[in-house]
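What follows is the content of entry_9.pdb (PDB, C-alpha atoms and all ligand atoms).
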MODEL        1
ATOM      1  CA  MET A  77      13.171   6.535  15.190
ATOM      2  CA  THR A  78      10.217   5.067  13.210
ATOM      3  CA  LEU A  79       9.882   1.582  11.651
ATOM      4  CA  TYR A  80      10.525   3.028   8.207
ATOM      5  CA  ASP A  81      13.706   4.792   9.414
ATOM      6  CA  VAL A  82      14.993   1.241   9.938
ATOM      7  CA  ILE A  83      13.448  -0.681   7.041
ATOM      8  CA  GLY A  84      12.961   2.094   4.477
ATOM      9  CA  LYS A  85      16.544   2.928   3.508
ATOM     10  CA  THR A  86      16.233   1.699  -0.105
ATOM     11  CA  TYR A  87      12.455   2.189  -0.417
ATOM     12  CA  ALA A  88      12.546   4.591  -3.372
ATOM     13  CA  SER A  89      14.503   2.137  -5.531
ATOM     14  CA  THR A  90      11.798  -0.571  -5.513
ATOM     15  CA  ARG A  91       8.606   1.271  -4.550
ATOM     16  CA  ARG A  92       8.144   3.405  -7.649
ATOM     17  CA  SER A  93       4.626   4.569  -8.507
ATOM     18  CA  ASP A  94       2.697   2.204 -10.745
ATOM     19  CA  SER A  95       0.978   3.906 -13.681
ATOM     20  CA  ARG A  96      -2.197   1.778 -13.401
ATOM     21  CA  ILE A  97      -2.580   2.568  -9.684
ATOM     22  CA  ALA A  98      -1.855   6.242 -10.375
ATOM     23  CA  GLU A  99      -4.429   6.263 -13.186
ATOM     24  CA  LYS A 100      -7.137   4.877 -10.880
ATOM     25  CA  LEU A 101      -6.174   7.345  -8.148
ATOM     26  CA  LEU A 102      -6.403  10.272 -10.578
ATOM     27  CA  GLU A 103      -9.744   9.008 -11.909
ATOM     28  CA  LEU A 104     -11.196   8.921  -8.372
ATOM     29  CA  LEU A 105      -9.808  12.363  -7.514
ATOM     30  CA  ALA A 106     -11.323  13.771 -10.718
ATOM     31  CA  SER A 107     -14.819  12.991  -9.388
ATOM     32  CA  SER A 108     -14.819  16.416  -7.699
ATOM     33  CA  GLN A 109     -12.868  19.626  -8.140
ATOM     34  CA  ALA A 110      -9.814  19.110  -5.976
ATOM     35  CA  SER A 111      -6.628  21.118  -6.156
ATOM     36  CA  MET A 112      -5.028  20.760  -2.703
ATOM     37  CA  ILE A 113      -4.276  17.214  -1.590
ATOM     38  CA  ALA A 114      -2.780  15.793   1.598
ATOM     39  CA  ASP A 115      -0.852  12.543   1.054
ATOM     40  CA  ILE A 116      -0.655  10.980   4.510
ATOM     41  CA  GLY A 117       2.081   8.429   5.080
ATOM     42  CA  ALA A 118       3.550   9.702   1.823
ATOM     43  CA  GLY A 119       6.667   7.540   2.119
ATOM     44  CA  ALA A 120       9.256   8.590  -0.450
ATOM     45  CA  GLY A 121       6.570  10.500  -2.341
ATOM     46  CA  SER A 122       6.065   8.424  -5.473
ATOM     47  CA  TYR A 123       2.310   9.110  -5.657
ATOM     48  CA  ALA A 124       2.679  12.701  -4.359
ATOM     49  CA  LEU A 125       4.964  13.278  -7.348
ATOM     50  CA  VAL A 126       2.403  11.881  -9.800
ATOM     51  CA  LEU A 127      -0.229  14.241  -8.374
ATOM     52  CA  ALA A 128       2.139  17.230  -8.474
ATOM     53  CA  GLU A 129       3.014  16.481 -12.088
ATOM     54  CA  CYS A 130      -0.733  16.469 -12.864
ATOM     55  CA  GLY A 131      -1.192  19.968 -11.446
ATOM     56  CA  TYR A 132      -2.241  19.284  -7.848
ATOM     57  CA  ARG A 133      -0.640  21.023  -4.846
ATOM     58  CA  VAL A 134       0.361  18.349  -2.357
ATOM     59  CA  PHE A 135       1.122  18.329   1.355
ATOM     60  CA  ALA A 136       3.180  15.181   1.838
ATOM     61  CA  ILE A 137       2.944  14.172   5.491
ATOM     62  CA  GLU A 138       5.521  11.600   6.566
ATOM     63  CA  PRO A 139       7.032  10.848  10.005
ATOM     64  CA  SER A 140      10.146   9.000   8.786
ATOM     65  CA  ALA A 141      13.156  11.188   7.955
ATOM     66  CA  THR A 142      14.656   8.259   6.039
ATOM     67  CA  MET A 143      11.610   8.143   3.787
ATOM     68  CA  ARG A 144      11.397  11.911   3.329
ATOM     69  CA  SER A 145      15.099  12.054   2.420
ATOM     70  CA  GLN A 146      14.470   9.834  -0.638
ATOM     71  CA  ALA A 147      11.793  12.086  -2.112
ATOM     72  CA  ILE A 148      12.275  13.808  -5.455
ATOM     73  CA  ALA A 149      11.704  17.528  -4.840
ATOM     74  CA  HIS A 150       8.878  19.237  -6.756
ATOM     75  CA  PRO A 151       7.754  22.858  -6.325
ATOM     76  CA  ALA A 152       4.122  21.760  -5.878
ATOM     77  CA  ILE A 153       4.941  19.373  -3.009
ATOM     78  CA  GLU A 154       5.410  20.600   0.534
ATOM     79  CA  TRP A 155       6.998  17.931   2.736
ATOM     80  CA  ILE A 156       5.950  17.965   6.374
ATOM     81  CA  ASN A 157       7.291  15.853   9.215
ATOM     82  CA  GLY A 158       4.082  14.714  10.871
ATOM     83  CA  SER A 159       1.870  11.885  11.959
ATOM     84  CA  ALA A 160      -1.668  10.930  10.942
ATOM     85  CA  ASP A 161      -2.969  11.164  14.493
ATOM     86  CA  ASN A 162      -1.948  14.829  14.831
ATOM     87  CA  LEU A 163      -1.939  16.296  11.332
ATOM     88  CA  PRO A 164       0.069  19.508  11.044
ATOM     89  CA  LEU A 165      -2.608  21.194   8.893
ATOM     90  CA  PRO A 166      -5.449  23.623   9.708
ATOM     91  CA  ASN A 167      -9.131  22.626   9.538
ATOM     92  CA  GLN A 168     -10.401  22.086   5.973
ATOM     93  CA  ALA A 169      -6.947  22.823   4.576
ATOM     94  CA  VAL A 170      -7.296  20.412   1.637
ATOM     95  CA  ASP A 171      -9.857  19.221  -0.908
ATOM     96  CA  ALA A 172      -8.792  15.581  -0.718
ATOM     97  CA  VAL A 173      -6.715  13.183   1.356
ATOM     98  CA  ILE A 174      -4.958  10.137  -0.048
ATOM     99  CA  ILE A 175      -3.533   7.309   2.064
ATOM    100  CA  MET A 176      -1.632   4.813  -0.073
ATOM    101  CA  LEU A 177      -0.788   1.526   1.705
ATOM    102  CA  ALA A 178      -0.187   3.433   4.916
ATOM    103  CA  PHE A 179      -3.424   3.264   6.932
ATOM    104  CA  HIS A 180      -2.483  -0.132   8.450
ATOM    105  CA  HIS A 181       0.598   1.501   9.967
ATOM    106  CA  PHE A 182      -1.393   4.150  11.854
ATOM    107  CA  GLN A 183      -1.416   3.008  15.476
ATOM    108  CA  ASP A 184      -4.346   5.187  16.563
ATOM    109  CA  TYR A 185      -6.387   4.799  13.385
ATOM    110  CA  ARG A 186      -9.587   6.266  14.898
ATOM    111  CA  GLN A 187      -7.769   9.429  15.894
ATOM    112  CA  ALA A 188      -6.166   9.447  12.411
ATOM    113  CA  LEU A 189      -9.612   9.277  10.764
ATOM    114  CA  CYS A 190     -10.855  12.173  12.923
ATOM    115  CA  GLU A 191      -7.789  14.152  11.893
ATOM    116  CA  VAL A 192      -8.330  13.304   8.224
ATOM    117  CA  HIS A 193     -11.941  14.458   8.494
ATOM    118  CA  ARG A 194     -10.855  17.680  10.231
ATOM    119  CA  VAL A 195      -8.396  18.649   7.482
ATOM    120  CA  VAL A 196     -10.542  17.538   4.521
ATOM    121  CA  GLY A 197     -13.991  18.651   5.734
ATOM    122  CA  ASN A 198     -16.514  17.547   3.102
ATOM    123  CA  GLY A 199     -13.786  16.718   0.594
ATOM    124  CA  GLN A 200     -12.714  13.319  -0.725
ATOM    125  CA  ILE A 201     -10.746  10.579   0.980
ATOM    126  CA  VAL A 202      -9.027   7.884  -1.073
ATOM    127  CA  LEU A 203      -7.365   4.912   0.613
ATOM    128  CA  PHE A 204      -5.421   2.197  -1.140
ATOM    129  CA  THR A 205      -5.352  -0.847   1.096
ATOM    130  CA  TYR A 206      -5.466  -4.632   1.325
ATOM    131  CA  ASP A 207      -8.335  -6.972   2.213
ATOM    132  CA  PRO A 208      -6.913  -9.284   4.922
ATOM    133  CA  ALA A 209      -9.618 -11.869   4.152
ATOM    134  CA  MET A 210      -7.671 -12.608   0.944
ATOM    135  CA  ILE A 211      -4.265 -13.329   2.469
ATOM    136  CA  SER A 212      -4.563 -17.062   3.140
ATOM    137  CA  SER A 213      -5.374 -17.719  -0.522
ATOM    138  CA  PHE A 214      -2.175 -16.018  -1.723
ATOM    139  CA  TRP A 215       0.411 -18.684  -2.648
ATOM    140  CA  LEU A 216       3.254 -16.729  -0.977
ATOM    141  CA  THR A 217       1.872 -17.708   2.449
ATOM    142  CA  LYS A 218       2.676 -21.342   1.707
ATOM    143  CA  TYR A 219       6.344 -20.338   1.938
ATOM    144  CA  PHE A 220       5.959 -17.665   4.650
ATOM    145  CA  PRO A 221       2.987 -18.782   6.800
ATOM    146  CA  SER A 222       3.403 -16.021   9.408
ATOM    147  CA  PHE A 223       2.337 -13.474   6.764
ATOM    148  CA  ILE A 224      -1.222 -14.647   7.429
ATOM    149  CA  GLN A 225      -1.160 -13.668  11.091
ATOM    150  CA  ASP A 226       0.822 -10.503  10.366
ATOM    151  CA  VAL A 227      -1.650  -9.274   7.743
ATOM    152  CA  GLU A 228      -4.731 -10.329   9.715
ATOM    153  CA  SER A 229      -3.496  -8.475  12.785
ATOM    154  CA  THR A 230      -2.286  -5.400  10.885
ATOM    155  CA  PHE A 231      -5.045  -4.628   8.363
ATOM    156  CA  LEU A 232      -8.628  -3.857   9.402
ATOM    157  CA  SER A 233     -11.177  -6.045   7.649
ATOM    158  CA  ILE A 234     -12.832  -4.195   4.763
ATOM    159  CA  PRO A 235     -16.289  -4.161   6.465
ATOM    160  CA  GLN A 236     -14.736  -2.733   9.644
ATOM    161  CA  LEU A 237     -12.697  -0.170   7.721
ATOM    162  CA  ILE A 238     -15.800   0.974   5.815
ATOM    163  CA  ASP A 239     -17.759   1.194   9.032
ATOM    164  CA  GLU A 240     -15.016   3.233  10.751
ATOM    165  CA  ILE A 241     -14.796   5.679   7.840
ATOM    166  CA  GLN A 242     -18.562   5.985   7.417
ATOM    167  CA  THR A 243     -18.953   6.711  11.138
ATOM    168  CA  VAL A 244     -16.513   9.616  10.839
ATOM    169  CA  VAL A 245     -17.596  11.097   7.487
ATOM    170  CA  GLY A 246     -21.314  10.415   7.947
ATOM    171  CA  HIS A 247     -22.027   9.007   4.485
ATOM    172  CA  VAL A 248     -21.550   5.881   2.393
ATOM    173  CA  VAL A 249     -18.093   5.044   1.033
ATOM    174  CA  ASN A 250     -17.254   2.816  -1.950
ATOM    175  CA  VAL A 251     -14.935  -0.184  -2.240
ATOM    176  CA  ILE A 252     -13.247  -0.682  -5.590
ATOM    177  CA  PRO A 253     -11.246  -3.880  -6.139
ATOM    178  CA  PHE A 254      -7.935  -3.223  -7.858
ATOM    179  CA  LEU A 255      -6.596  -6.143  -9.888
ATOM    180  CA  LEU A 256      -2.816  -6.179  -9.814
ATOM    181  CA  PRO A 257      -1.110  -6.026 -13.210
ATOM    182  CA  HIS A 258       1.464  -8.774 -13.850
ATOM    183  CA  ASP A 259       4.179  -6.173 -14.382
ATOM    184  CA  LEU A 260       3.443  -3.968 -11.370
ATOM    185  CA  SER A 261       6.222  -1.420 -10.874
ATOM    186  CA  ASP A 262       5.452  -0.556  -7.240
ATOM    187  CA  SER A 263       7.059  -3.562  -5.550
ATOM    188  CA  PHE A 264       4.775  -4.028  -2.551
ATOM    189  CA  ALA A 265       4.044  -7.383  -0.928
ATOM    190  CA  ALA A 266       2.101  -9.054  -3.767
ATOM    191  CA  VAL A 267       4.354  -7.751  -6.570
ATOM    192  CA  GLY A 268       5.468 -11.272  -7.432
ATOM    193  CA  TRP A 269       2.044 -12.903  -7.714
ATOM    194  CA  ALA A 270       2.995 -13.994 -11.258
ATOM    195  CA  ARG A 271       6.755 -13.454 -10.940
ATOM    196  CA  PRO A 272       7.838 -15.580  -7.939
ATOM    197  CA  GLU A 273      11.538 -15.044  -8.714
ATOM    198  CA  LEU A 274      11.179 -11.452  -7.489
ATOM    199  CA  TYR A 275      10.945 -12.640  -3.870
ATOM    200  CA  LEU A 276      14.428 -14.161  -4.133
ATOM    201  CA  ASP A 277      15.788 -10.637  -4.673
ATOM    202  CA  GLY A 278      16.792  -9.069  -1.336
ATOM    203  CA  SER A 279      16.371  -5.535  -2.645
ATOM    204  CA  ILE A 280      12.692  -6.255  -3.459
ATOM    205  CA  ARG A 281      12.145  -7.845  -0.012
ATOM    206  CA  ASN A 282      13.747  -4.807   1.665
ATOM    207  CA  GLY A 283      10.876  -2.608   0.469
ATOM    208  CA  ILE A 284       8.209  -4.941   1.920
ATOM    209  CA  SER A 285       7.456  -4.496   5.630
ATOM    210  CA  SER A 286       6.029  -8.038   6.077
ATOM    211  CA  PHE A 287       9.452  -9.494   5.195
ATOM    212  CA  ALA A 288      11.127  -7.215   7.765
ATOM    213  CA  LYS A 289       8.905  -8.679  10.469
ATOM    214  CA  ILE A 290       9.341 -12.458   9.977
ATOM    215  CA  ASP A 291      11.982 -14.379  11.917
ATOM    216  CA  THR A 292      15.218 -15.403  10.265
ATOM    217  CA  ASP A 293      14.500 -19.154  10.319
ATOM    218  CA  GLU A 294      11.147 -18.745   8.576
ATOM    219  CA  LEU A 295      12.704 -16.390   6.040
ATOM    220  CA  ASP A 296      15.631 -18.750   5.269
ATOM    221  CA  ASN A 297      13.409 -21.847   5.067
ATOM    222  CA  GLY A 298      10.798 -20.107   2.915
ATOM    223  CA  LEU A 299      13.405 -18.761   0.521
ATOM    224  CA  SER A 300      15.185 -22.094   0.085
ATOM    225  CA  GLN A 301      11.875 -23.915  -0.444
ATOM    226  CA  LEU A 302      10.780 -21.338  -3.037
ATOM    227  CA  ARG A 303      14.164 -21.510  -4.789
ATOM    228  CA  GLU A 304      13.971 -25.311  -4.874
ATOM    229  CA  ASP A 305      10.356 -25.337  -6.131
ATOM    230  CA  LEU A 306      11.300 -22.930  -8.921
ATOM    231  CA  GLU A 307      14.293 -25.054  -9.905
ATOM    232  CA  ASN A 308      12.438 -28.386  -9.868
ATOM    233  CA  GLY A 309       9.262 -27.020 -11.512
ATOM    234  CA  MET A 310       6.954 -27.597  -8.519
ATOM    235  CA  TRP A 311       5.976 -23.922  -8.320
ATOM    236  CA  ASP A 312       5.083 -23.849 -12.008
ATOM    237  CA  GLN A 313       3.175 -27.094 -11.746
ATOM    238  CA  GLU A 314       0.967 -25.664  -8.998
ATOM    239  CA  TYR A 315       0.808 -21.956  -9.786
ATOM    240  CA  GLY A 316       2.313 -21.599 -13.278
ATOM    241  CA  HIS A 317      -1.124 -20.699 -14.712
ATOM    242  CA  LEU A 318      -0.660 -17.310 -13.013
ATOM    243  CA  ARG A 319       2.256 -16.515 -15.347
ATOM    244  CA  GLN A 320      -0.232 -16.432 -18.246
ATOM    245  CA  ARG A 321      -2.522 -13.864 -16.614
ATOM    246  CA  LYS A 322      -2.297 -10.116 -17.261
ATOM    247  CA  GLN A 323      -3.979  -9.162 -13.983
ATOM    248  CA  TYR A 324      -5.238 -10.856 -10.848
ATOM    249  CA  ASP A 325      -7.242 -10.026  -7.739
ATOM    250  CA  VAL A 326      -4.741 -10.582  -4.942
ATOM    251  CA  GLY A 327      -6.847  -8.466  -2.545
ATOM    252  CA  TYR A 328      -5.950  -4.805  -3.066
ATOM    253  CA  ARG A 329      -8.782  -2.290  -2.720
ATOM    254  CA  PHE A 330      -9.403   1.409  -3.221
ATOM    255  CA  ILE A 331     -11.769   2.847  -0.623
ATOM    256  CA  HIS A 332     -13.339   6.073  -1.848
ATOM    257  CA  SER A 333     -15.222   8.541   0.279
ATOM    258  CA  PRO A 334     -16.584  11.027  -2.296
ATOM    259  CA  ALA A 335     -16.854  14.751  -1.688
ATOM    260  CA  ILE A 336     -20.276  15.972  -0.514
TER     261      ILE A 336
HETATM  262  C1  LIG A 401       4.187   1.176   3.035
HETATM  263  S1  LIG A 401       4.680   2.843   3.232
HETATM  264  C2  LIG A 401       3.724   3.635   1.958
HETATM  265  C3  LIG A 401       4.356   4.922   1.491
HETATM  266  C4  LIG A 401       3.657   5.606   0.328
HETATM  267  N1  LIG A 401       2.297   5.975   0.655
HETATM  268  C5  LIG A 401       3.680   4.746  -0.899
HETATM  269  O1  LIG A 401       2.616   4.274  -1.339
HETATM  270  O2  LIG A 401       4.777   4.519  -1.435
HETATM  271  C6  LIG A 401       3.865   3.356   4.708
HETATM  272  C7  LIG A 401       4.265   4.739   5.170
HETATM  273  O3  LIG A 401       3.431   5.154   6.264
HETATM  274  C8  LIG A 401       4.235   5.904   7.154
HETATM  275  N2  LIG A 401       3.614   5.967   8.483
HETATM  276  C9  LIG A 401       3.683   5.059   9.491
HETATM  277  N3  LIG A 401       3.014   5.498  10.561
HETATM  278  C10 LIG A 401       2.486   6.700  10.234
HETATM  279  C11 LIG A 401       1.685   7.657  10.921
HETATM  280  N4  LIG A 401       1.256   7.450  12.170
HETATM  281  N5  LIG A 401       1.359   8.795  10.274
HETATM  282  C12 LIG A 401       1.747   9.020   9.001
HETATM  283  N6  LIG A 401       2.503   8.136   8.304
HETATM  284  C13 LIG A 401       2.871   7.004   8.912
HETATM  285  C14 LIG A 401       5.556   5.151   7.154
HETATM  286  O4  LIG A 401       6.622   5.912   7.681
HETATM  287  C15 LIG A 401       5.706   4.811   5.688
HETATM  288  O5  LIG A 401       6.400   5.803   4.984
ENDMDL
END
Write-out of the structure in structure tokens:
Amino acid sequence: MTLYDVIGKTYASTRRSDSRIAEKLLELLASSQASMIADIGAGAGSYALVLAECGYRVFAIEPSATMRSQAIAHPAIEWINGSADNLPLPNQAVDAVIIMLAFHHFQDYRQALCEVHRVVGNGQIVLFTYDPAMISSFWLTKYFPSFIQDVESTFLSIPQLIDEIQTVVGHVVNVIPFLLPHDLSDSFAAVGWARPELYLDGSIRNGISSFAKIDTDELDNGLSQLREDLENGMWDQEYGHLRQRKQYDVGYRFIHSPAI
């Protein structure tokens, strides 16, 4: 049983694809002629579905049966039970690989990168990830301080991630900051940067792995403090300026290894 078999039961209801993220992903993929894509750690397939609807053939690789069971079927998507460190695909099977908020879950990430390189050859790799150097400046950590240690120990730093990828692919990769829209529809950890009330909703928290990992006391204390600060206006006094913003750099990054 995988982590997401336990925590992912309602994933598809809150982790819908976001059109702005999808648009950026499609723009990067359009930089070379790609038709076959592997989506590794595809989850419930929200981004695989976007790609399929845009004409790509997608291999959606996902180890959690709970996640795969929530996917919307599409004739251009082949779902495969598999893990990043032993990809069930032949050499150079695809033109591009995408890894959307999944790389930090790969335990043997070096082996995963070798596998990605094996199946994509000289094709593109697109990662969507988080810069852990940004976590301590996110207001949510005031309420849930252990997020800092969790994120710092889970995500590779961006310089290290770039270095690891460049070592495997043998050429320079690009980092593209992605500013989160205020009305993000994929409810990952920073979804409430301008909408703090969202974190009081258990169904939103259920789709966020960092919340699954904190202890009950920290969760209860953080939630009651946040609720109180929203009721007495303290949150708005300190962070209310965020409600006026359309987008904000919370720390999300696309990493793009172009085709050669
Ligand atoms: C946060 S979810 C992201 C899912 C999807 N990419 C999305 O953006 O909605 C991370 C996914 O990575 C998967 N995962 C964890 N370890 C993995 C591994 N070793 N190989 C492939 N996928 C893995 C999890 O099961 C989970 O579905």
Go ahead and fit an axis-aligned box to every listed atom of region 190-209 of chain A plus 3 Å each side, and pass me the centre and edge lengths in Å, one decimal, as lines of an AutoDock Vina configuration file.
center_x = -10.9
center_y = 3.4
center_z = 5.9
size_x = 17.2
size_y = 36.5
size_z = 20.1
What does the distance between CA of Asp161 (chain A) and CA of Ala265 (chain A) come to in Å, to one decimal place?
25.1 Å
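Near region 248-259 of chain A, within a cut-off of 8 Å and counting all atoms listed in the file, sit the residues Arg96, Ile238, Ile241, Gln242, Val267, Gly268, Trp269, Ala270, Arg271, Arg319, Arg321, Lys322, Gln323, Tyr324, Asp325, Val326, Gly327, Tyr328, Arg329, Phe330, Ile331, His332, Ser333 and Pro334 of chain A, with same-chain residues fewer than 5 positions away left out.
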Please provide as a PyMOL selection string all residues within 9 Å of region 229-234 of chain A, with the sequence filter that same-chain residues fewer than 4 positions apart are discarded (counting only C-alpha atoms).
chain A and resi 179-181+205-209+224-225+238-239+251+329+331
Contacts of region 186-201 of chain A at 10 Å or less, counting only C-alpha atoms, minus same-chain residues fewer than 2 places along, as a short mmCIF file (atom, residue, chain, number, x, y, z; two decimals) with C-alpha atoms, keeping the file's coordinate frame?
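Everything below was put into out.cif:
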data_model
loop_
_atom_site.label_atom_id
_atom_site.label_comp_id
_atom_site.auth_asym_id
_atom_site.auth_seq_id
_atom_site.Cartn_x
_atom_site.Cartn_y
_atom_site.Cartn_z
CA LEU A 104 -11.20 8.92 -8.37
CA LEU A 105 -9.81 12.36 -7.51
CA SER A 107 -14.82 12.99 -9.39
CA SER A 108 -14.82 16.42 -7.70
CA GLN A 109 -12.87 19.63 -8.14
CA ALA A 110 -9.81 19.11 -5.98
CA MET A 112 -5.03 20.76 -2.70
CA ILE A 113 -4.28 17.21 -1.59
CA ALA A 114 -2.78 15.79 1.60
CA ILE A 116 -0.66 10.98 4.51
CA SER A 159 1.87 11.88 11.96
CA ALA A 160 -1.67 10.93 10.94
CA ASP A 161 -2.97 11.16 14.49
CA ASN A 162 -1.95 14.83 14.83
CA LEU A 163 -1.94 16.30 11.33
CA PRO A 164 0.07 19.51 11.04
CA LEU A 165 -2.61 21.19 8.89
CA PRO A 166 -5.45 23.62 9.71
CA ASN A 167 -9.13 22.63 9.54
CA GLN A 168 -10.40 22.09 5.97
CA ALA A 169 -6.95 22.82 4.58
CA VAL A 170 -7.30 20.41 1.64
CA ASP A 171 -9.86 19.22 -0.91
CA ALA A 172 -8.79 15.58 -0.72
CA VAL A 173 -6.72 13.18 1.36
CA ILE A 174 -4.96 10.14 -0.05
CA ILE A 175 -3.53 7.31 2.06
CA PHE A 179 -3.42 3.26 6.93
CA PHE A 182 -1.39 4.15 11.85
CA GLN A 183 -1.42 3.01 15.48
CA ASP A 184 -4.35 5.19 16.56
CA LEU A 203 -7.36 4.91 0.61
CA GLU A 240 -15.02 3.23 10.75
CA ILE A 241 -14.80 5.68 7.84
CA THR A 243 -18.95 6.71 11.14
CA VAL A 244 -16.51 9.62 10.84
CA VAL A 245 -17.60 11.10 7.49
CA GLY A 246 -21.31 10.42 7.95
CA VAL A 249 -18.09 5.04 1.03
CA ILE A 331 -11.77 2.85 -0.62
CA HIS A 332 -13.34 6.07 -1.85
CA SER A 333 -15.22 8.54 0.28
CA PRO A 334 -16.58 11.03 -2.30
CA ALA A 335 -16.85 14.75 -1.69
CA ILE A 336 -20.28 15.97 -0.51
#
Show me, as a count of residues only, the residues that have an atom within 9 Å of Trp311 (chain A) when counting only C-alpha atoms, minus same-chain residues fewer than 5 positions from it.
6
